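Data file: input.txt. Format and content: compact mmCIF, C-alpha atoms and all ligand atoms.
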```txt
# COMPACT_ATOMS: atom_id res chain seq x y z
CA MET A 225 0.00 0.00 0.00
CA VAL A 226 1.22 3.47 -0.81
CA HIS A 227 2.02 5.36 2.37
CA PHE A 228 -0.75 7.83 3.13
CA GLU A 229 -0.46 10.67 5.61
CA LYS A 230 -2.14 14.03 6.09
CA VAL A 231 -0.92 16.28 8.86
CA LEU A 232 -3.18 19.14 9.92
CA LYS A 233 -1.96 21.90 12.20
CA ASP A 234 -4.12 22.33 15.27
CA PRO A 235 -4.00 24.89 18.08
CA VAL A 236 -4.71 22.26 20.78
CA HIS A 237 -2.91 19.12 19.65
CA ASP A 238 -0.25 20.80 17.49
CA GLU A 239 -0.65 18.13 14.81
CA ILE A 240 -3.60 16.00 13.78
CA ARG A 241 -2.49 12.94 11.83
CA VAL A 242 -4.64 11.10 9.35
CA ASP A 243 -2.89 7.90 8.27
CA ASP A 244 -5.93 6.10 6.86
CA PRO A 245 -7.25 7.39 3.51
CA TRP A 246 -10.67 6.13 4.49
CA ILE A 247 -10.77 8.60 7.42
CA TRP A 248 -9.71 11.35 5.03
CA GLN A 249 -12.73 10.51 2.86
CA LEU A 250 -14.98 10.86 5.90
CA VAL A 251 -13.47 14.24 6.76
CA ASN A 252 -14.25 15.40 3.24
CA THR A 253 -17.95 14.47 3.20
CA SER A 254 -20.31 17.44 3.15
CA ALA A 255 -21.96 16.29 6.38
CA VAL A 256 -18.63 16.70 8.19
CA GLN A 257 -17.62 19.86 6.32
CA ARG A 258 -20.93 21.43 7.34
CA LEU A 259 -19.65 21.43 10.93
CA ARG A 260 -17.28 24.25 9.93
CA ARG A 261 -20.38 26.44 9.78
CA ILE A 262 -21.55 25.70 13.31
CA ARG A 263 -19.85 27.22 16.31
CA GLN A 264 -18.81 24.73 18.96
CA LEU A 265 -20.05 26.86 21.84
CA GLY A 266 -23.26 28.34 20.42
CA THR A 267 -23.79 31.83 21.83
CA SER A 268 -20.69 31.79 24.08
CA TYR A 269 -18.90 34.11 21.65
CA LEU A 270 -21.15 36.86 22.99
CA THR A 271 -19.55 36.37 26.40
CA PHE A 272 -16.03 35.23 25.44
CA HIS A 273 -15.23 36.89 22.13
CA GLY A 274 -12.62 34.25 21.25
CA ALA A 275 -15.15 31.41 21.29
CA GLU A 276 -15.51 31.35 17.52
CA HIS A 277 -14.18 27.82 16.96
CA SER A 278 -16.36 25.40 15.05
CA ARG A 279 -17.67 21.93 15.71
CA PHE A 280 -15.44 20.83 12.84
CA THR A 281 -12.26 21.68 14.77
CA HIS A 282 -13.60 19.86 17.83
CA SER A 283 -14.54 16.80 15.75
CA LEU A 284 -11.02 16.62 14.33
CA GLY A 285 -9.64 17.10 17.84
CA ALA A 286 -11.76 14.27 19.23
CA TYR A 287 -10.54 12.11 16.35
CA GLU A 288 -6.90 12.93 17.11
CA THR A 289 -7.36 12.24 20.81
CA MET A 290 -8.92 8.88 19.94
CA ARG A 291 -6.04 8.13 17.57
CA ARG A 292 -3.54 8.67 20.38
CA VAL A 293 -5.62 6.65 22.84
CA VAL A 294 -5.90 3.78 20.36
CA GLU A 295 -2.16 3.90 19.68
CA HIS A 296 -1.43 3.69 23.42
CA LEU A 297 -3.94 0.90 24.07
CA HIS A 298 -2.71 -1.07 21.08
CA ARG A 299 0.89 -0.85 22.27
CA GLU A 300 0.08 -1.88 25.85
CA TYR A 301 -2.93 -4.15 25.51
CA GLY A 302 -3.05 -5.18 21.86
CA TRP A 303 -6.44 -3.50 21.40
CA PRO A 304 -7.87 -2.84 18.88
CA ASP A 305 -6.85 -6.02 17.16
CA SER A 306 -8.54 -5.31 13.83
CA THR A 307 -8.60 -2.48 11.30
CA ARG A 308 -12.37 -2.58 11.53
CA GLU A 309 -12.49 -1.83 15.26
CA ARG A 310 -9.79 0.82 14.93
CA ARG A 311 -11.91 2.45 12.23
CA LEU A 312 -14.98 2.16 14.43
CA ALA A 313 -13.19 4.03 17.23
CA LEU A 314 -11.76 6.73 14.96
CA SER A 315 -14.95 7.33 13.00
CA ALA A 316 -17.07 7.41 16.17
CA ALA A 317 -14.84 10.23 17.43
CA LEU A 318 -14.94 12.09 14.13
CA LEU A 319 -18.71 11.75 13.66
CA HIS A 320 -20.05 11.91 17.23
CA ASP A 321 -21.31 15.50 16.78
CA VAL A 322 -22.36 15.29 13.12
CA GLY A 323 -26.03 15.79 14.08
CA HIS A 324 -25.50 19.12 15.81
CA GLY A 325 -27.35 22.07 14.38
CA PRO A 326 -26.81 25.77 14.99
CA PHE A 327 -27.26 26.78 18.66
CA SER A 328 -28.38 23.19 19.11
CA HIS A 329 -29.00 23.20 22.85
CA THR A 330 -31.33 26.16 22.38
CA PHE A 331 -32.87 24.67 19.29
CA GLU A 332 -33.65 21.47 21.13
CA ARG A 333 -35.78 23.35 23.64
CA ILE A 334 -38.23 24.52 21.01
CA TYR A 335 -37.84 21.83 18.38
CA PRO A 336 -38.44 18.42 19.94
CA LEU A 337 -35.74 16.34 18.24
CA HIS A 338 -32.40 15.98 19.94
CA HIS A 339 -29.11 16.27 18.02
CA GLU A 340 -28.39 12.61 18.80
CA HIS A 341 -31.47 11.64 16.84
CA TRP A 342 -30.03 13.52 13.86
CA THR A 343 -26.57 12.02 14.30
CA LYS A 344 -28.13 8.59 13.94
CA ARG A 345 -30.22 9.55 10.94
CA ILE A 346 -27.34 11.28 9.16
CA ILE A 347 -25.03 8.29 9.63
CA LEU A 348 -27.67 5.88 8.34
CA GLU A 349 -29.33 8.01 5.66
CA ASP A 350 -26.89 10.52 4.22
CA GLN A 351 -25.90 8.90 0.94
CA GLU A 352 -22.41 10.28 0.62
CA LEU A 353 -21.44 9.48 4.19
CA ARG A 354 -23.12 6.09 4.03
CA SER A 355 -21.23 5.10 0.90
CA VAL A 356 -17.90 5.81 2.62
CA LEU A 357 -18.96 3.86 5.72
CA ASN A 358 -20.14 0.97 3.54
CA GLN A 359 -16.62 0.61 2.14
CA VAL A 360 -15.81 -1.14 5.43
CA ASP A 361 -18.90 -3.34 5.25
CA GLU A 362 -22.70 -3.05 5.19
CA ALA A 363 -23.05 -3.43 8.97
CA PHE A 364 -20.52 -0.74 9.80
CA ALA A 365 -22.90 2.26 9.84
CA SER A 366 -25.32 0.53 12.20
CA ASP A 367 -22.48 -0.60 14.47
CA LEU A 368 -21.34 3.01 14.60
CA VAL A 369 -24.83 4.18 15.55
CA GLY A 370 -24.90 1.42 18.17
CA VAL A 371 -21.69 2.72 19.72
CA LEU A 372 -23.03 6.28 19.91
CA GLN A 373 -26.29 5.01 21.38
CA LYS A 374 -24.44 2.85 23.89
CA ASP A 375 -25.78 -0.51 22.80
CA GLY A 376 -22.87 -2.28 24.52
CA LYS A 377 -21.65 -4.29 21.53
CA PHE A 378 -18.25 -2.57 21.41
CA PRO A 379 -17.66 -1.61 25.05
CA TYR A 380 -14.17 -0.13 24.69
CA VAL A 381 -15.07 2.10 21.77
CA GLN A 382 -18.30 3.09 23.49
CA GLN A 383 -16.57 4.05 26.75
CA LEU A 384 -13.91 6.01 24.92
CA ILE A 385 -16.49 8.08 23.09
CA THR A 386 -19.29 8.41 25.62
CA SER A 387 -18.39 8.12 29.30
CA GLN A 388 -16.96 10.43 31.94
CA LEU A 389 -13.48 9.72 30.64
CA ASP A 390 -13.98 10.08 26.91
CA VAL A 391 -12.12 11.70 24.03
CA ASP A 392 -15.03 14.07 23.42
CA ARG A 393 -14.61 15.75 26.82
CA MET A 394 -10.83 15.60 26.67
CA ASP A 395 -10.83 17.59 23.47
CA TYR A 396 -13.60 20.06 24.17
CA LEU A 397 -12.29 21.05 27.61
CA LEU A 398 -8.86 21.91 26.22
CA ARG A 399 -10.22 23.50 23.06
CA ASP A 400 -12.92 25.57 24.72
CA ALA A 401 -10.45 26.77 27.37
CA LEU A 402 -7.95 27.79 24.70
CA HIS A 403 -10.47 29.71 22.61
CA THR A 404 -12.29 31.41 25.45
CA GLY A 405 -8.91 32.42 26.85
CA VAL A 406 -9.45 30.93 30.32
CA THR A 407 -6.92 28.71 32.06
CA TYR A 408 -9.40 26.52 33.97
CA GLY A 409 -9.79 23.83 31.32
CA ARG A 410 -6.14 22.78 31.26
CA PHE A 411 -4.96 19.32 32.18
CA GLU A 412 -2.20 17.02 31.00
CA LEU A 413 -3.73 15.23 28.07
CA ALA A 414 -0.69 13.10 27.15
CA ARG A 415 -0.38 11.85 30.73
CA LEU A 416 -4.11 11.14 30.96
CA VAL A 417 -3.98 9.13 27.73
CA ARG A 418 -0.99 7.13 29.01
CA SER A 419 -2.93 6.40 32.21
CA LEU A 420 -5.72 4.57 30.44
CA ALA A 421 -5.88 0.84 31.01
CA LEU A 422 -8.07 -2.02 29.83
CA HIS A 423 -9.24 -4.37 32.56
CA GLU A 424 -12.21 -6.76 32.76
CA GLY A 425 -13.79 -5.38 29.60
CA THR A 426 -13.68 -1.82 30.91
CA VAL A 427 -11.56 1.23 30.19
CA MET A 428 -9.98 2.21 33.51
CA LEU A 429 -7.52 4.66 34.89
CA LYS A 430 -4.20 3.52 36.32
CA GLN A 431 -3.61 4.60 39.91
CA SER A 432 -0.55 6.54 38.70
CA GLY A 433 -2.86 8.79 36.69
CA LEU A 434 -5.02 9.73 39.66
CA HIS A 435 -3.84 13.32 39.99
CA THR A 436 -4.08 13.93 36.27
CA ALA A 437 -7.64 12.65 36.41
CA GLU A 438 -8.38 15.00 39.31
CA GLN A 439 -7.05 17.86 37.26
CA TYR A 440 -9.30 16.80 34.38
CA ILE A 441 -12.40 16.58 36.62
CA LEU A 442 -11.60 19.99 38.14
CA ALA A 443 -11.12 21.39 34.63
CA ARG A 444 -14.61 20.20 33.84
CA TYR A 445 -16.01 21.71 37.04
CA PHE A 446 -14.46 25.12 36.33
CA MET A 447 -15.40 25.12 32.66
CA TYR A 448 -19.02 24.50 33.62
CA THR A 449 -19.19 27.13 36.33
CA GLN A 450 -17.09 29.77 34.57
CA VAL A 451 -17.75 29.23 30.86
CA TYR A 452 -20.57 26.91 29.81
CA LEU A 453 -23.07 28.16 32.38
CA HIS A 454 -21.90 31.76 32.42
CA PRO A 455 -25.04 33.83 33.14
CA VAL A 456 -24.51 36.05 30.08
CA THR A 457 -24.28 32.98 27.83
CA VAL A 458 -27.37 31.42 29.35
CA GLY A 459 -29.17 34.76 28.84
CA SER A 460 -28.08 34.80 25.16
CA ASP A 461 -29.36 31.25 24.74
CA ILE A 462 -32.69 32.28 26.18
CA LEU A 463 -32.82 35.23 23.77
CA VAL A 464 -32.15 32.97 20.76
CA GLY A 465 -34.86 30.64 22.04
CA GLN A 466 -37.37 33.50 22.33
CA ILE A 467 -36.58 34.72 18.82
CA LEU A 468 -37.12 31.27 17.34
CA ARG A 469 -40.25 30.73 19.40
CA ARG A 470 -41.81 34.05 18.36
CA ALA A 471 -40.94 33.54 14.68
CA SER A 472 -42.29 29.98 14.61
CA GLU A 473 -45.49 30.98 16.45
CA LEU A 474 -46.20 33.82 14.04
CA TRP A 475 -45.41 31.60 11.11
CA ARG A 476 -47.66 28.77 12.32
CA GLU A 477 -50.49 31.25 12.89
CA GLY A 478 -50.20 32.11 9.22
CA GLN A 479 -48.80 35.58 9.80
CA TRP A 480 -46.18 36.85 7.42
CA VAL A 481 -42.68 36.01 8.58
CA ASP A 482 -39.66 36.03 6.31
CA MET A 483 -38.98 32.36 7.00
CA PRO A 484 -36.06 30.68 5.17
CA ASP A 485 -37.22 27.50 3.39
CA GLU A 486 -34.77 25.42 5.42
CA LEU A 487 -36.37 26.49 8.70
CA ALA A 488 -39.90 26.27 7.33
CA ALA A 489 -39.36 22.57 6.69
CA LEU A 490 -38.39 22.07 10.32
CA PHE A 491 -41.06 24.29 11.86
CA SER A 492 -43.84 22.75 9.81
CA GLY A 493 -43.91 20.16 12.57
CA GLU A 494 -44.22 17.23 10.18
CA ASP A 495 -42.29 14.04 10.70
CA GLN A 496 -41.38 14.38 7.07
CA VAL A 497 -38.21 16.40 7.67
CA THR A 498 -35.50 14.69 5.64
CA VAL A 499 -31.83 14.45 6.49
CA GLU A 500 -31.23 16.69 3.49
CA ASP A 501 -33.55 19.36 4.95
CA TYR A 502 -31.78 19.16 8.27
CA LEU A 503 -28.26 19.32 6.83
CA ALA A 504 -29.25 22.45 4.91
CA ILE A 505 -29.50 24.34 8.21
CA ASP A 506 -26.33 25.84 9.60
CA GLU A 507 -25.54 28.92 11.61
CA SER A 508 -25.58 31.19 8.57
CA THR A 509 -29.23 30.26 8.03
CA LEU A 510 -30.13 31.52 11.49
CA GLN A 511 -27.88 34.56 11.49
CA TYR A 512 -29.37 35.66 8.20
CA ALA A 513 -32.91 35.01 9.43
CA PHE A 514 -32.22 37.11 12.54
CA ARG A 515 -31.07 39.97 10.34
CA ARG A 516 -34.27 39.78 8.28
CA TRP A 517 -36.45 39.43 11.36
CA SER A 518 -34.89 42.51 12.94
CA LYS A 519 -36.88 44.45 10.29
CA SER A 520 -40.08 42.50 10.88
CA GLU A 521 -43.39 44.29 11.24
CA ASP A 522 -43.94 42.32 14.40
CA ARG A 523 -42.53 44.55 17.13
CA VAL A 524 -41.61 41.74 19.48
CA LEU A 525 -39.78 39.69 16.85
CA ALA A 526 -37.99 42.75 15.45
CA ASN A 527 -36.89 43.90 18.88
CA LEU A 528 -35.68 40.48 20.03
CA ALA A 529 -33.69 39.94 16.83
CA ARG A 530 -32.19 43.44 17.05
CA ARG A 531 -31.15 42.76 20.64
CA PHE A 532 -29.31 39.63 19.57
CA LEU A 533 -27.50 41.30 16.66
CA ASP A 534 -26.48 44.32 18.74
CA ARG A 535 -25.71 42.25 21.82
CA LYS A 536 -28.31 44.00 23.95
CA LEU A 537 -28.77 40.86 25.96
CA PHE A 538 -31.04 40.10 28.89
CA ALA A 539 -29.55 41.01 32.24
CA PRO A 540 -29.04 38.04 34.56
CA VAL A 541 -30.06 38.35 38.19
CA ILE A 542 -28.80 35.58 40.45
CA ARG A 543 -31.41 34.89 43.10
CA PRO A 544 -33.84 32.18 44.17
CA GLU A 545 -36.71 31.40 41.84
CA PRO A 546 -39.52 33.98 42.25
CA ASN A 547 -42.72 32.83 43.91
CA SER A 548 -46.03 33.18 42.07
CA GLU A 549 -46.75 36.68 43.46
CA GLU A 550 -43.30 37.87 42.45
CA TRP A 551 -43.73 36.40 38.96
CA ALA A 552 -47.08 38.16 38.58
CA ALA A 553 -45.62 41.48 39.75
CA LEU A 554 -42.64 41.17 37.39
CA ARG A 555 -44.92 40.37 34.48
CA THR A 556 -47.16 43.34 35.26
CA ALA A 557 -44.17 45.66 35.47
CA ALA A 558 -42.77 44.29 32.20
CA ARG A 559 -46.07 44.87 30.44
CA ALA A 560 -46.32 48.42 31.78
CA LEU A 561 -42.82 49.09 30.45
CA GLY A 562 -43.79 47.81 27.01
CA PHE A 563 -42.24 44.31 27.18
CA HIS A 564 -44.36 41.28 26.36
CA PRO A 565 -43.80 39.23 29.54
CA ASP A 566 -43.93 35.86 27.73
CA TYR A 567 -40.80 36.79 25.78
CA TYR A 568 -38.94 39.17 28.08
CA VAL A 569 -39.29 37.73 31.56
CA SER A 570 -37.83 34.31 32.24
CA GLY A 571 -35.62 32.30 34.52
CA ARG A 572 -33.56 29.16 34.43
CA SER A 573 -31.78 26.97 36.90
CA SER A 574 -28.30 25.87 35.77
CA GLU A 575 -26.91 22.65 37.20
CA VAL A 576 -23.26 21.68 37.46
CA ALA A 577 -22.19 18.09 37.98
CA ALA A 578 -18.46 17.79 37.33
CA TYR A 579 -18.47 14.11 38.10
CA VAL A 580 -21.30 11.64 38.61
CA TYR A 581 -20.30 8.43 40.34
CA ARG A 582 -23.61 6.59 40.20
CA GLY A 583 -23.76 3.92 37.52
CA GLU A 584 -20.92 4.95 35.27
CA GLY A 585 -18.17 6.32 37.46
CA ILE A 586 -14.52 6.26 36.43
CA LEU A 587 -12.78 3.13 37.70
CA VAL A 588 -9.25 3.30 39.07
CA LEU A 589 -7.00 0.27 38.75
CA SER A 590 -4.33 -0.02 41.43
CA ASP A 591 -0.96 -1.72 40.92
CA ASP A 592 -2.10 -4.81 42.81
CA GLY A 593 -5.16 -5.19 40.59
CA ARG A 594 -7.81 -3.76 42.90
CA VAL A 595 -10.53 -1.65 41.30
CA ASN A 596 -12.06 1.41 42.97
CA GLU A 597 -14.49 4.03 41.81
CA LEU A 598 -12.73 7.40 41.49
CA SER A 599 -14.55 9.32 44.22
CA ARG A 600 -13.58 6.61 46.73
CA VAL A 601 -9.90 7.23 46.17
CA SER A 602 -10.00 10.97 45.57
CA LYS A 603 -11.04 13.45 48.25
CA ILE A 604 -11.06 16.23 45.68
CA VAL A 605 -13.50 14.45 43.42
CA ARG A 606 -15.64 13.47 46.42
CA SER A 607 -15.95 17.11 47.43
CA LEU A 608 -17.47 18.18 44.11
CA ASN A 609 -21.15 17.79 44.85
CA PRO A 610 -23.61 18.64 42.12
CA ASP A 611 -24.75 22.23 42.49
CA SER A 612 -27.25 24.54 40.87
CA GLU A 613 -27.87 28.26 40.58
CA TYR A 614 -31.08 30.01 39.64
CA ARG A 615 -30.96 33.05 37.38
CA LEU A 616 -33.71 35.44 36.42
CA PHE A 617 -33.41 37.17 33.03
CA LEU A 618 -34.92 40.57 32.25
CA PRO A 619 -34.26 43.34 29.73
CA LYS A 620 -31.68 45.73 31.19
CA GLU A 621 -34.21 48.55 30.77
CA MET A 622 -36.36 46.95 33.44
CA LEU A 623 -33.56 47.24 35.98
CA GLU A 624 -31.39 50.13 35.03
CA SER A 625 -33.47 53.14 34.00
CA GLU A 626 -34.92 55.53 36.55
CA GLY A 627 -38.66 55.39 37.11
CA PRO A 628 -41.28 54.14 39.54
CA LEU A 629 -41.75 50.88 37.64
CA GLN A 630 -38.04 50.12 37.61
CA HIS A 631 -37.95 50.76 41.34
CA ARG A 632 -40.81 48.33 41.72
CA VAL A 633 -38.90 45.70 39.71
CA LEU A 634 -35.73 46.26 41.72
CA SER A 635 -37.59 45.93 44.99
CA ILE A 636 -39.09 42.60 43.88
CA VAL A 637 -35.79 41.28 42.57
CA GLN A 638 -33.75 42.36 45.58
CA ALA A 639 -36.22 41.68 48.37
CA LYS A 640 -35.79 37.94 48.13
CA GLN A 641 -32.05 38.21 47.58
CA GLU A 642 -31.53 39.86 50.94
CA SER A 643 -33.84 37.56 52.84
CA SER A 644 -32.29 34.41 51.38
NI NI B 701 -18.37 16.62 21.12
```
In structure tokens, write the structure found in this file.
Amino acid sequence: MVHFEKVLKDPVHDEIRVDDPWIWQLVNTSAVQRLRRIRQLGTSYLTFHGAEHSRFTHSLGAYETMRRVVEHLHREYGWPDSTRERRLALSAALLHDVGHGPFSHTFERIYPLHHEHWTKRIILEDQELRSVLNQVDEAFASDLVGVLQKDGKFPYVQQLITSQLDVDRMDYLLRDALHTGVTYGRFELARLVRSLALHEGTVMLKQSGLHTAEQYILARYFMYTQVYLHPVTVGSDILVGQILRRASELWREGQWVDMPDELAALFSGEDQVTVEDYLAIDESTLQYAFRRWSKSEDRVLANLARRFLDRKLFAPVIRPEPNSEEWAALRTAARALGFHPDYYVSGRSSEVAAYVYRGEGILVLSDDGRVNELSRVSKIVRSLNPDSEYRLFLPKEMLESEGPLQHRVLSIVQAKQESS
């Protein structure tokens, strides 16, 4: 066989190596290339201006991490022992996010189908992708879907792509930290990879890698509290959600909305949405729609879209969830100030769980062969209890301008804060 090698420069891993021409064909399918047009962190770029990296860069990064893991495990444990299983591991890493749409976590709140549903459909139904996968064999695509849906048939590949110690997290923590410019997400990737062991059909962590794993779990904790659940980002997500909700409601009621065909197919609510329809939607579709909607005759839609484009986001207020009287008073004040309360007054609780030990904890293998769940051997990990924070989101004008109504809003918002 002619030697094949592509080396891609990467800000996280320095070099991404593709030594299998079949993987290179996958990278070059339009389903994978589409991920260049979807930001990895959705609206986070409105909080951290560097967060412009795409899901494509993360997918390549997850692939490269898997390649290194597979190289290490092959050297030490002789796994994978076939080209087919190596390809299964590498392609699972490359394709695990292929079903993501623009602002997908927001999108999923108003449109009922989860990105994982689309990942499965794209792998099975997209003709170009399917024909590359079929080069391995006819069962390959469904085995790949099985891995991503955790069917248990290929436990090592499955754990390496979807567990608490998987290549997906390893790449996105480092990549998101780099691009947002924070230092929290750092950990020693090479050391963590070398610490992986195979034992009793399970991917485990060698005792010697304990501190590296702690660093990785802490990285996850900090990235959640400081970046992923940043109140400004959550507020931007809510704004995107309200824009899409208003536009789809108007459109379903038969009112005139400048709705791109690609979105119309999705909002029509039929089960008839094809993979082709779905793949036609990327972030440019939404960004362009927002620009058109900012000139809509509907005041609410136009104002919400304008706010997003000009980054006039909702102001977050961290406080306990309002009781029903407080909600009613906030809604009344919003209405009096000219804001439709259904679209301008909202709240959300954000939960952080850096590590969950129940069911699928990380297993630590000691030198004498004993196996312990990570939180049993690490005080640091044990101390990271799941936590949540409630945030209320309002237009800044409801809090900042001078006026009797704003005073009313402030007194409602602050009253509970002081007493809690
Ligand atoms: Ni991912």
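Taking all atoms listed in the file into account, ligand NI 701 (chain B) has within 8 Å the residues Arg279, His282, Ser283, Ala286, His320, Asp321, Asp392, Arg393, Asp395 and Tyr396 of chain A.
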Taking 4 positions as the minimum chain separation for residues in the same chain, which residues sit within 10 Å of A:Pro235 when counting all atoms listed in the file? Answer as a CSV table (one decimal) with C-alpha atoms, keeping the file's coordinate frame.
```csv
chain,number,residue,atom,x,y,z
A,239,GLU,CA,-0.6,18.1,14.8
A,240,ILE,CA,-3.6,16.0,13.8
A,281,THR,CA,-12.3,21.7,14.8
A,285,GLY,CA,-9.6,17.1,17.8
A,398,LEU,CA,-8.9,21.9,26.2
A,399,ARG,CA,-10.2,23.5,23.1
A,402,LEU,CA,-8.0,27.8,24.7
A,403,HIS,CA,-10.5,29.7,22.6
```
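Across the structure, atom CA of A:Val391 and atom CA of A:Ala317 are spaced 7.3 Å apart.
Among A:Met483, A:Ala539, A:Val371, A:Ile247, the residue with the shortest atom-to-atom distance to A:Tyr512, counting only C-alpha atoms, is A:Met483.
Across the model, the gap from atom CA of A:Leu525 to atom CA of A:Glu276 is 25.7 Å.
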As AutoDock Vina command-line options, what would the box around stretch 304-311 of chain A look like: edges along x, y and z, 8 Å added on every side, centre and edge lengths in Å to one decimal?
```
--center_x -9.7 --center_y -1.8 --center_z 15.1 --size_x 21.6 --size_y 24.5 --size_z 23.6
```
Residue with the minimum atom-to-atom distance to A:Thr426, picked from A:Glu362, A:Glu584, A:Glu500, A:Glu340 with all atoms listed in the file counted, is A:Glu584
For stretch 435-440 of chain A, list every protein, DNA or RNA residue within 12 Å, evaluated using only C-alpha atoms, and leave out those in the same chain fewer than 6 positions away; present the list as a ChimeraX atom specification.
-> /A:388-391,393-398,408-420,428-429,446-447,578-579,586-588,598-599,601-608
Using only C-alpha atoms, please write the residues we just selected to a file, as a short mmCIF file (atom, residue, chain, number, x, y, z; two decimals), keeping the file's coordinate frame.
```cif
data_model
loop_
_atom_site.label_atom_id
_atom_site.label_comp_id
_atom_site.auth_asym_id
_atom_site.auth_seq_id
_atom_site.Cartn_x
_atom_site.Cartn_y
_atom_site.Cartn_z
CA GLN A 388 -16.96 10.43 31.94
CA LEU A 389 -13.48 9.72 30.64
CA ASP A 390 -13.98 10.08 26.91
CA VAL A 391 -12.12 11.70 24.03
CA ARG A 393 -14.61 15.75 26.82
CA MET A 394 -10.83 15.60 26.67
CA ASP A 395 -10.83 17.59 23.47
CA TYR A 396 -13.60 20.06 24.17
CA LEU A 397 -12.29 21.05 27.61
CA LEU A 398 -8.86 21.91 26.22
CA TYR A 408 -9.40 26.52 33.97
CA GLY A 409 -9.79 23.83 31.32
CA ARG A 410 -6.14 22.78 31.26
CA PHE A 411 -4.96 19.32 32.18
CA GLU A 412 -2.20 17.02 31.00
CA LEU A 413 -3.73 15.23 28.07
CA ALA A 414 -0.69 13.10 27.15
CA ARG A 415 -0.38 11.85 30.73
CA LEU A 416 -4.11 11.14 30.96
CA VAL A 417 -3.98 9.13 27.73
CA ARG A 418 -0.99 7.13 29.01
CA SER A 419 -2.93 6.40 32.21
CA LEU A 420 -5.72 4.57 30.44
CA MET A 428 -9.98 2.21 33.51
CA LEU A 429 -7.52 4.66 34.89
CA PHE A 446 -14.46 25.12 36.33
CA MET A 447 -15.40 25.12 32.66
CA ALA A 578 -18.46 17.79 37.33
CA TYR A 579 -18.47 14.11 38.10
CA ILE A 586 -14.52 6.26 36.43
CA LEU A 587 -12.78 3.13 37.70
CA VAL A 588 -9.25 3.30 39.07
CA LEU A 598 -12.73 7.40 41.49
CA SER A 599 -14.55 9.32 44.22
CA VAL A 601 -9.90 7.23 46.17
CA SER A 602 -10.00 10.97 45.57
CA LYS A 603 -11.04 13.45 48.25
CA ILE A 604 -11.06 16.23 45.68
CA VAL A 605 -13.50 14.45 43.42
CA ARG A 606 -15.64 13.47 46.42
CA SER A 607 -15.95 17.11 47.43
CA LEU A 608 -17.47 18.18 44.11
#
```
Here atom CA of A:Ala365 and atom CA of A:Gln351 stand apart by 11.5 Å
Q. Which neighbours of A:Lys374 fall inside 10 Å, counting all atoms listed in the file, when residues of the same chain fewer than 4 positions from it are skipped, and could you give them as a ChimeraX atom specification?
A. /A:368-370,378-379,381-383,385-387
Write the residues you've just listed into a file as a PDB file, keeping the file's coordinate frame, and include C-alpha atoms for each of them.
```pdb
ATOM      1  CA  LEU A 368     -21.340   3.010  14.600  1.00  0.00           C
ATOM      2  CA  VAL A 369     -24.830   4.180  15.550  1.00  0.00           C
ATOM      3  CA  GLY A 370     -24.900   1.420  18.170  1.00  0.00           C
ATOM      4  CA  PHE A 378     -18.250  -2.570  21.410  1.00  0.00           C
ATOM      5  CA  PRO A 379     -17.660  -1.610  25.050  1.00  0.00           C
ATOM      6  CA  VAL A 381     -15.070   2.100  21.770  1.00  0.00           C
ATOM      7  CA  GLN A 382     -18.300   3.090  23.490  1.00  0.00           C
ATOM      8  CA  GLN A 383     -16.570   4.050  26.750  1.00  0.00           C
ATOM      9  CA  ILE A 385     -16.490   8.080  23.090  1.00  0.00           C
ATOM     10  CA  THR A 386     -19.290   8.410  25.620  1.00  0.00           C
ATOM     11  CA  SER A 387     -18.390   8.120  29.300  1.00  0.00           C
TER      12      SER A 387
END
```
With all atoms listed in the file as the counted atoms, please give the residues lying no more than 10 Å from A:Ala526, apart from itself and same-chain residues fewer than 4 positions off, as a PDB file with C-alpha atoms, in the frame of the given file.
```pdb
ATOM      1  CA  ILE A 467     -36.580  34.720  18.820  1.00  0.00           C
ATOM      2  CA  ARG A 470     -41.810  34.050  18.360  1.00  0.00           C
ATOM      3  CA  ALA A 471     -40.940  33.540  14.680  1.00  0.00           C
ATOM      4  CA  PHE A 514     -32.220  37.110  12.540  1.00  0.00           C
ATOM      5  CA  ARG A 515     -31.070  39.970  10.340  1.00  0.00           C
ATOM      6  CA  ARG A 516     -34.270  39.780   8.280  1.00  0.00           C
ATOM      7  CA  TRP A 517     -36.450  39.430  11.360  1.00  0.00           C
ATOM      8  CA  SER A 518     -34.890  42.510  12.940  1.00  0.00           C
ATOM      9  CA  LYS A 519     -36.880  44.450  10.290  1.00  0.00           C
ATOM     10  CA  SER A 520     -40.080  42.500  10.880  1.00  0.00           C
ATOM     11  CA  GLU A 521     -43.390  44.290  11.240  1.00  0.00           C
ATOM     12  CA  ASP A 522     -43.940  42.320  14.400  1.00  0.00           C
ATOM     13  CA  ARG A 530     -32.190  43.440  17.050  1.00  0.00           C
ATOM     14  CA  ARG A 531     -31.150  42.760  20.640  1.00  0.00           C
TER      15      ARG A 531
END
```
* **Proximity to A:Val322 - best of A:Ala529, A:Leu434, A:Ala489, A:Leu259, all atoms listed in the file** =>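 Using all atoms listed in the file, A:Val322 sits closest to A:Leu259.
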Leaving out A:Glu349 and any residue of its chain fewer than 5 positions from it, which residues lie within 9 Å of it when counting all atoms listed in the file, given as a PyMOL selection string? chain A and resi 344+354+499
Note to self: Calculated over all atoms listed in the file, which of the candidates A:Pro326, A:Pro565, A:Gly459, A:Gly425 has the smallest distance to A:Glu507?
What the structure shows: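 Closest residue, counting all atoms listed in the file: A:Pro326.
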- Message: Nearest residue to A:Ser573 out of A:Val458, A:Leu270, A:Ala560, A:Ala488, using only C-alpha atoms?
- Response: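 Result for the nearest residue to A:Ser573: A:Val458.
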